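Below you'll find the structure, written out as structure tokens, and then a few comments.
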Amino acid sequence: MERKAELLSMFKVTKSFPGVLALDDISFELRKGEVHALVGENGAGKSTFIKILSGAHKMDTGGSICIDKKEVEIKSPSHANQLGIYTIYQEVTFIPHMSVAENVFLGSEIIENGLINHKKQIEETSRMFEEFGYPIDPTRMAADLNVAELRMINIVKALNNDVKILILDEPTTSLTDKEKNILFKNIVRLKNNGAGVIYISHRSGELKELADRATVFRNGKYVDTVEMADIKGLDDLIPLMIGKEVQNKYPKAKAPIGHEILRINKLSRNKFFDDVSFNLHSGEVVGIFGLVGCGFEEVLGSAFGVDSYDSGEVEIFHNNKMQPLRKSSTRAALDNNIAFIPRDRKTMGLLMNLSVAENVVISSYKDFSQKIVNLINSRKVQNTADDYKKKLNIKTPSVKTIVETLSGGNQQKVLLARALCSKGEVFLFNQPTAGVDVGAKIEIYEFMNKLTKAGSGIVIVSYELQEIMGMCDRIVVMCQGRVVKTVKTEETTSDEILAYAFGYKN
């Protein structure tokens with residue numbers, strides 16, 4: 001087979017942050033008309049690498065970047081765009097109180113006679129989505145869209161340019177198969193036009209379907225580049241990624257199931273979910289599964305008090321009996337030992353400009369104040385954060401490190417540490433392993449096992465059916481905002497769960 005022409009080459013790329021060598025003498029090559037997968041554990045250097053290529057970070061001196069064999073210095077994200085480099089990050093970005101069209105043209109508005117031509121922007125947005133194969137009303141407000149629709153907006157916005165190099169970071173998170181297939185068709189179209197695609201994903205099926213080659217990073221170093229035709233899937237890359245074989249991806253440990261600790265009773269929220277009921281016992285993991293837009297994320301947010309609800313009741317075990325939880329109050333939830341892990345750790349979970357220690361203790365600051373003068377006991381904060389750093393194997397040079405500099409998997413562990421620090425007994429996990437590698441996933445699963453063995457209960461919502469089947473004792477299936485089935489995991493199959501989720505059974 002004739003080798004395709006070189007599009008991008010990066011040599012001796014190094015990037016260091018205070019106390020951290022994120023990339024160490026990395027080299028990488030992307031060919032024209034190629035989808036090149038970039039794989040590795042969280043903390044391997046993938047995010048730093050693509051931020052250098054996208055202009056968000058500058059590499060240390062000594063390395064070089066060449067596009068079409070011409071050396072370039074990428075000065076900023078806008079300069080990267082001028083060079084034809086566009087990046088779609090894992091986190092969805094949007095302005096909620098703007099329409100789809102306004103979000104698409106944000107920063108590149110159509111100006112005529114000194115004014116924004118909203119009519120033309122609406123027409124152009126409609127055309128773009130029609131060509132992409134995903135029709136959407138351009139006048140809809142972004143706040144009314146689900147996460148999959150928002151992600152598709154980010155993708156279409158990037159593709160509406162002269163793209164030479166497209167970087168995709170976990171692009172199918174929260175997408176349905178229909179939306180994923182639309183995206184893949186457009187990636188293939190881009191590839192056939194001679195563009196190069198750098199694709200980051202922890203999903204083996206996607207890599208096998210799309211990628212021509214895969215490059216593996218580990219601990220900030222280049223490990224190997226392999227032809228995807230020569231391997232069966234991501235499982236074959238795991239030893240390269242983490243340096244060892246993985247025997248069990250879902251290490252579920254059985255724990256004694258105790259008394260009821262959480263009850264969701266006929267909860268309803270207009271346009272999101274209706275008459276939702278389920279409960280949770282100590283030592284138990286209850287999984288909620290459904291398709292994108294089924295409402296399960298909103299149920300969790302309402303139960304914790306982040307979002308409101310119209311009717312129904314949330315009850316928590318307190319003073320040896322079930323008692324109603326005050327509506328729409330995160331403070332009430334925290335005071336009753338409910339911990340919440342949100343889906344979007346960067347915008348809903350962590351305070352990115354604060355340190356690891358500050359993020360760990362922020363939900364329980366009152367426990368760290370000196371009662372006489374009401375000042376924070378900084379030594380106690382430091383010692384507590386150091387303790388959780390060791391317990392959860394958070395890879396950071398110090399708990400004083402700004403959390404923004406950590407990898408996605410380690411940021412997720414900081415959120416888990418916060419939940420533990422808040423003395424949670426009921427844990428509400430919204431896609432806790434989304435966008436993290438197999439090694440970090442296993443660490444999170446083992447953390448869940450420790451919680452249930454200690455008598456806590458966990459509710460987890462996830463679009464990953466294998467995760468739900470592998471780690472949960474019971475499964476609540478939702479379809480179009482309603483609970484259609486609750487079943488013990490050992491008494492069901494993946495096919496049955498999918499049939500309920502698609503509405504084929506009721």
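Identifiers in this document derive from the order of the structure tokens: chains are assigned A, B, ..., residues are numbered from 1 separately in each chain, and ligands are numbered from 1 in order of occurrence.
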
Open item on the list: Using only C-alpha atoms, which protein or nucleic acid residues come within 10 Å of Asn265 (chain A)? Drop anything in the same chain fewer than 5 positions from it, and give the result as a PyMOL selection string.
Closed with: chain A and resi 275-279+311-315

TODO: Identify, on the basis of only C-alpha atoms, every residue whose closest approach to region 470-480 of chain A does not exceed 9 Å; exclude the query and any residue fewer than 3 positions from it along the same chain; express the result as a ChimeraX atom specification.
DONE: /A:249-254,272-274,276,278,284-291,293-296,445,448,458-460,465-467,483-490,497-498,500-503

TODO: Based on DSSP run over this structure's backbone, return all residues of region 296-430 of chain A in strand (DSSP E or B), as a list in words.
DONE: Ser311, Gly312, Glu313, Val314, Glu315, Ile316, Phe317, His318, Lys321, Met322, Gln323, Pro324, Ile338, Ala339, Phe340, Ile341, Ser355, Ser369, Gln370, Leu375, Ile376, Ile402, Val426, Phe427, Leu428, Phe429 and Asn430 of chain A

Task: DSSP helix (DSSP H, G or I) residues within region 94-231 of chain A, listed as a PyMOL selection string - done: chain A and resi 100-104+118-132+142-144+147-159+177-192+204-210+228-230

Task: Who sits within 10 Å of Glu404 (chain A), only C-alpha atoms, same chain under 2 positions skipped, as JSON, numbers by chain - done: {"A": [346, 350, 351, 352, 353, 354, 355, 356, 401, 402, 406, 407, 408, 411]}

Open item on the list: Using only C-alpha atoms, which protein or nucleic acid residues come within 8 Å of region 36-47 of chain A? Drop anything in the same chain fewer than 5 positions from it, and give the result as a ChimeraX atom specification.
Closed with: /A:22-23,30,196-202,207,211-221,241-242,395,406-410,436-440

May I have a table of the residues of region 172-224 of chain A lying at most 9 Å from region 113-134 of chain A, giving each one's closest pair of atoms and their distance in Å to one decimal, counting only C-alpha atoms, ordered by chain and ascending residue number, as CSV?
```
residue,atom,partner,partner_atom,distance
A:Glu179,CA,A:Tyr134,CA,7.8
A:Ile182,CA,A:Gly133,CA,6.5
A:Leu183,CA,A:Phe132,CA,8.1
A:Lys185,CA,A:Phe132,CA,8.9
A:Asn186,CA,A:Phe132,CA,6.9
```

Could those selected residues go to a file with N, CA and C atoms, as a PDB file, in the first residue's frame?
```
ATOM      1  N   GLU A 179     -26.195   9.467  16.470  1.00  0.00           N
ATOM      2  CA  GLU A 179     -25.341  10.657  16.395  1.00  0.00           C
ATOM      3  C   GLU A 179     -23.887  10.275  16.157  1.00  0.00           C
ATOM      4  N   ILE A 182     -23.410   9.526  12.490  1.00  0.00           N
ATOM      5  CA  ILE A 182     -23.372  10.769  11.706  1.00  0.00           C
ATOM      6  C   ILE A 182     -21.989  11.407  11.806  1.00  0.00           C
ATOM      7  N   LEU A 183     -21.452  11.449  13.027  1.00  0.00           N
ATOM      8  CA  LEU A 183     -20.117  12.010  13.232  1.00  0.00           C
ATOM      9  C   LEU A 183     -19.077  11.224  12.447  1.00  0.00           C
ATOM     10  N   LYS A 185     -19.392   9.412   9.765  1.00  0.00           N
ATOM     11  CA  LYS A 185     -19.510   9.663   8.320  1.00  0.00           C
ATOM     12  C   LYS A 185     -18.818  10.967   7.937  1.00  0.00           C
ATOM     13  N   ASN A 186     -18.955  11.973   8.770  1.00  0.00           N
ATOM     14  CA  ASN A 186     -18.323  13.258   8.488  1.00  0.00           C
ATOM     15  C   ASN A 186     -16.809  13.213   8.690  1.00  0.00           C
TER      16      ASN A 186
END
```

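With distances restricted to only C-alpha atoms, A:Ala80 is the closest residue to Lys58 (chain A) from A:Ala80, A:Val360, A:Ile165, A:Lys70.
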